[in-house]
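Novice: Would you mind keeping the following structure in view while I ask a few things?
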Amino acid sequence: MDFSENREHETIREAIGRICAEFGDDYWLQRDREGGFPHELYNALAAGGWLGICMPQEYGGSGMGITEATVMMTAIARSGAGLSGASSVHMNIFGLQPVVVFGSDAQKRRMLPPLIAGKDKACFAVTEPNTGLNTTRLKTRAERRGDHYILTGQKVWISTAQVATKMLILARTTPPEDCPKPTLGLSLFYTDLDRRCVEVREIEKMGRKAVDSNQLFIDGLRVPVEDRIGEEGRGFEYILHGMNPERILIAGEAVGLGQAALERAVKYANERIVFDRPIGQNQAIQHPLAQSWMELEAAWLMAMRGAWKYDRNLNCGPDANAAKYMAAEAGFNACQRAMATLGGFGYAKEYQVERYLREMLIPRVAPISPQLILCFIAEKVLGLPKSY
């Protein structure tokens with residue numbers, strides 16, 4: 001193992017840092033107050049070619065891996081953009097991995113370049129109101145009619161659907177009772193988000209107001225057969241190729257946001273004078289912040305191991321899930337400790353850490369709950385009986 005600084009990774013951090021420096025605290029404070037997608041950051045990242053960081057070079061990407069993408073997403077979050085910034089490009093980075101792995105050459109040439117160039121924005125339409133994480137029980141139907149499908153159903157917690165032009169959507173093409181196992185009969189499509197047939201209803205939420213979350217009501221959406229990715233009925237298998245990268249990227253983003261909170265807390269602890277001494281001289285302030293540094297570093301190493309395995313086609317499921325769990329907890333602890341360090345000022349919006357804390361609640365519950373991760377590790381790693 002080589003733990004020396006990777007110059008390529010440092011170059012990514014520096015380049016992303018320069019872009020994000022153009023979008024300071026005032027920008028994100030305004031986005032948090034007023035909402036509105038951060039098009040300016042998105043366009044700046046697209047102009048630099050960063051949306052295609054882990055896409056194949058022959059389709060306009062950079063040909064790097066999930067490892068480099070995680071470095072990038074961590075840098076975006078750490079800049080102070082937090083999840084408001086990272087989530088604006090999150091789907092474009094990982095979401096089309098199933099297309100990269102299972103799409104035809106014609107599909108890749110048609111679908112990937114517009115996404116990489118920032119001309120298309122995509123959303124990831126899997127979760128449904130009554131199924132949650134039980135993906136094999138999806139109700140959205142796709143009925144084959146000659147050269148196209150007709151899609152009908154509902155999706156929920158779909159990020160960026162207010163601004164998306166495309167969606168990667170999983171739908172049932174064969175009733176579950178006609179399938180030999182529940183993971184079959186689901187098909188994956190990457191298609192136009194046609195608002196004549198898809199009502200997009202925004203969900204008001206606690207944080208990350210700049211990046212919308214939505215419920216979709218789909219009624220008679222016509223999807224050409226050529227927009228189906230891979231074979232009919234094998235969509236669940238394909239979508240898994242997006243889930244592990246997503247967990248790794250979420251881990252990186254949580255680490256980055258936790259680091260941003262920690263940096264603010266350390267700066268304040270050095271500058272705030274009470275009883276004629278900086279409060280950072282007190283062990284009651286020092287110890288929690290030191291603990292957060294250790295927790296964030298450990299979570300980062302797990303994320304890097306998961307990304308390293310994914311990029312080498314090794315089994316990364318346990319690492320990806322563990323990284324997401326550890327990073328969400330470490331990031332949340334860092335944000336809480338930053339709030340406590342700043343005291344009353346931590347509760348003030350201008351100091352940013354209250355926004356970080358609100359945003360950090362997202363990776364604690366999404367895209368998978370910490371309890372299900374613990375169940376996964378218990379069953380798949382430790383060999384304990386399945387509990388659900």
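Letters A, B, ... go to the chains of the structure tokens in the order shown; residues in each chain start at 1; ligands are counted from 1 in the same order.
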For the strand (DSSP E or B) assignment from backbone DSSP, which residues of region 137-356 of chain A qualify? Please present them as a ChimeraX atom specification.
Specialist: /A:141-145,148-159,166-172,186-192,198-202,213-224,228-229,234,273-274,277-278
Novice: Within 12 Å of Asn43 (chain A), counting only C-alpha atoms, which residues show up once you throw out same-chain ones fewer than 2 positions away? Write them as a list in words, please.
Specialist: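 Surrounding residues, per the criterion: Ile19, Cys20, Phe37, Pro38, His39, Glu40, Leu41, Leu45, Ala46, Ala47, Gly48, Gly49, Trp50, Leu51, Gly85, Ser88, Val89, Leu115, Ile116, Ala117, Gly118, Lys119, Asp120 and Lys121 of chain A.
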Novice: Since we have the selection now, will you write its residues out, keeping C-alpha atoms, as a PDB file, in the first residue's frame?
Specialist:
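Heads up, here's the output in result14.pdb:
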ATOM      1  CA  ILE A  19     -13.632  26.969  -9.521  1.00  0.00           C
ATOM      2  CA  CYS A  20     -15.443  26.773  -6.176  1.00  0.00           C
ATOM      3  CA  PHE A  37     -30.473  25.599  -8.849  1.00  0.00           C
ATOM      4  CA  PRO A  38     -26.785  26.665  -8.788  1.00  0.00           C
ATOM      5  CA  HIS A  39     -26.499  26.868 -12.572  1.00  0.00           C
ATOM      6  CA  GLU A  40     -23.397  29.029 -12.347  1.00  0.00           C
ATOM      7  CA  LEU A  41     -21.374  26.369 -10.512  1.00  0.00           C
ATOM      8  CA  LEU A  45     -17.735  22.579 -13.800  1.00  0.00           C
ATOM      9  CA  ALA A  46     -19.129  21.560 -17.190  1.00  0.00           C
ATOM     10  CA  ALA A  47     -16.927  24.101 -18.971  1.00  0.00           C
ATOM     11  CA  GLY A  48     -13.896  22.590 -17.278  1.00  0.00           C
ATOM     12  CA  GLY A  49     -14.872  19.089 -18.419  1.00  0.00           C
ATOM     13  CA  TRP A  50     -15.407  17.891 -14.857  1.00  0.00           C
ATOM     14  CA  LEU A  51     -18.865  16.390 -15.400  1.00  0.00           C
ATOM     15  CA  GLY A  85     -22.984  22.304  -4.562  1.00  0.00           C
ATOM     16  CA  SER A  88     -26.061  19.707  -8.263  1.00  0.00           C
ATOM     17  CA  VAL A  89     -23.627  17.479 -10.191  1.00  0.00           C
ATOM     18  CA  LEU A 115     -24.475  15.070 -20.278  1.00  0.00           C
ATOM     19  CA  ILE A 116     -20.717  15.602 -20.097  1.00  0.00           C
ATOM     20  CA  ALA A 117     -21.026  18.950 -21.885  1.00  0.00           C
ATOM     21  CA  GLY A 118     -23.726  20.116 -19.476  1.00  0.00           C
ATOM     22  CA  LYS A 119     -26.372  20.374 -22.206  1.00  0.00           C
ATOM     23  CA  ASP A 120     -28.457  17.635 -20.567  1.00  0.00           C
ATOM     24  CA  LYS A 121     -29.235  17.358 -16.876  1.00  0.00           C
TER      25      LYS A 121
END
Novice: Could you name the residues that touch region 361-364 of chain A at 8 Å or less, counting only C-alpha atoms, but leaving out those on the same chain fewer than 3 positions away, as a CSV table (one decimal) with C-alpha atoms, in the first residue's frame?
Specialist:
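Final output, saved to result_18.csv:
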chain,number,residue,atom,x,y,z
A,250,ILE,CA,-21.9,10.3,-0.9
A,251,ALA,CA,-19.2,9.2,1.6
A,254,ALA,CA,-20.0,13.8,3.7
A,324,LYS,CA,-21.2,5.8,3.5
A,325,TYR,CA,-22.1,4.8,7.1
A,328,ALA,CA,-22.2,10.2,7.5
A,329,GLU,CA,-21.6,9.6,11.2
A,332,PHE,CA,-22.6,14.7,11.4
A,357,LEU,CA,-25.6,20.5,10.0
A,358,ARG,CA,-29.0,20.6,8.1
A,367,PRO,CA,-29.6,6.8,-0.3
A,369,SER,CA,-30.5,4.1,6.0
A,370,PRO,CA,-27.7,3.3,8.4
Novice: Take CA of Pro113 (chain A) and CA of Cys197 (chain A) and report the distance between them in Å, one decimal.
Specialist: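 CA of Cys197 (chain A) lies 25.6 Å from CA of Pro113 (chain A).
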Novice: Nearest to Val198 (chain A): which of A:Leu151, A:Leu170, A:Val211, A:Asp178 is it, counting only C-alpha atoms?
Specialist: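 Of all the options, A:Leu151 lies closest to Val198 (chain A).
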Novice: Any idea what the distance is between CA of Leu193 (chain A) and CA of Thr160 (chain A)?
Specialist: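 Pair CA of Leu193 (chain A) / CA of Thr160 (chain A) returns 11.5 Å.
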Novice: If you count only C-alpha atoms, which residues fall within 9 Å of Gly235 (chain A), apart from same-chain ones fewer than 3 positions away, as a PyMOL selection string?
Specialist: chain A and resi 170-172+183-189+229-232+238-240
Novice: Based on the selection just made, write N, CA and C atoms of those residues as a CSV table (one decimal), in the first residue's frame.
Specialist:
chain,number,residue,atom,x,y,z
A,170,LEU,N,-36.3,3.2,-13.6
A,170,LEU,CA,-36.5,1.8,-13.5
A,170,LEU,C,-38.0,1.5,-13.4
A,171,ALA,N,-38.4,0.6,-14.2
A,171,ALA,CA,-39.9,0.3,-14.3
A,171,ALA,C,-40.1,-1.2,-14.5
A,172,ARG,N,-41.2,-1.7,-14.1
A,172,ARG,CA,-41.5,-3.1,-14.2
A,172,ARG,C,-42.1,-3.4,-15.6
A,183,THR,N,-35.9,-10.2,-8.5
A,183,THR,CA,-35.0,-9.2,-9.1
A,183,THR,C,-35.2,-9.1,-10.6
A,184,LEU,N,-35.9,-10.0,-11.2
A,184,LEU,CA,-36.1,-10.0,-12.6
A,184,LEU,C,-37.4,-9.3,-13.0
A,185,GLY,N,-37.6,-8.9,-14.2
A,185,GLY,CA,-38.8,-8.2,-14.7
A,185,GLY,C,-38.8,-6.7,-14.6
A,186,LEU,N,-37.7,-6.2,-14.1
A,186,LEU,CA,-37.5,-4.7,-14.1
A,186,LEU,C,-36.6,-4.3,-15.2
A,187,SER,N,-36.9,-3.2,-15.9
A,187,SER,CA,-36.1,-2.7,-17.0
A,187,SER,C,-35.7,-1.3,-16.7
A,188,LEU,N,-34.5,-0.9,-17.3
A,188,LEU,CA,-33.9,0.4,-17.1
A,188,LEU,C,-34.0,1.2,-18.4
A,189,PHE,N,-34.4,2.4,-18.2
A,189,PHE,CA,-34.5,3.3,-19.4
A,189,PHE,C,-33.8,4.7,-19.1
A,229,ILE,N,-31.9,0.4,-21.6
A,229,ILE,CA,-30.5,0.0,-21.4
A,229,ILE,C,-30.4,-1.5,-21.2
A,230,GLY,N,-29.7,-2.1,-22.1
A,230,GLY,CA,-29.5,-3.6,-22.0
A,230,GLY,C,-30.7,-4.4,-22.3
A,231,GLU,N,-30.8,-5.6,-21.7
A,231,GLU,CA,-31.9,-6.5,-22.0
A,231,GLU,C,-33.2,-6.1,-21.1
A,232,GLU,N,-34.3,-6.4,-21.7
A,232,GLU,CA,-35.6,-6.2,-20.9
A,232,GLU,C,-35.6,-7.2,-19.7
A,238,TYR,N,-28.6,-4.1,-13.5
A,238,TYR,CA,-27.9,-2.9,-14.1
A,238,TYR,C,-27.8,-1.8,-13.1
A,239,ILE,N,-28.9,-1.5,-12.4
A,239,ILE,CA,-28.9,-0.4,-11.5
A,239,ILE,C,-27.9,-0.5,-10.4
A,240,LEU,N,-27.6,-1.8,-10.0
A,240,LEU,CA,-26.6,-2.0,-9.0
A,240,LEU,C,-25.2,-1.4,-9.3
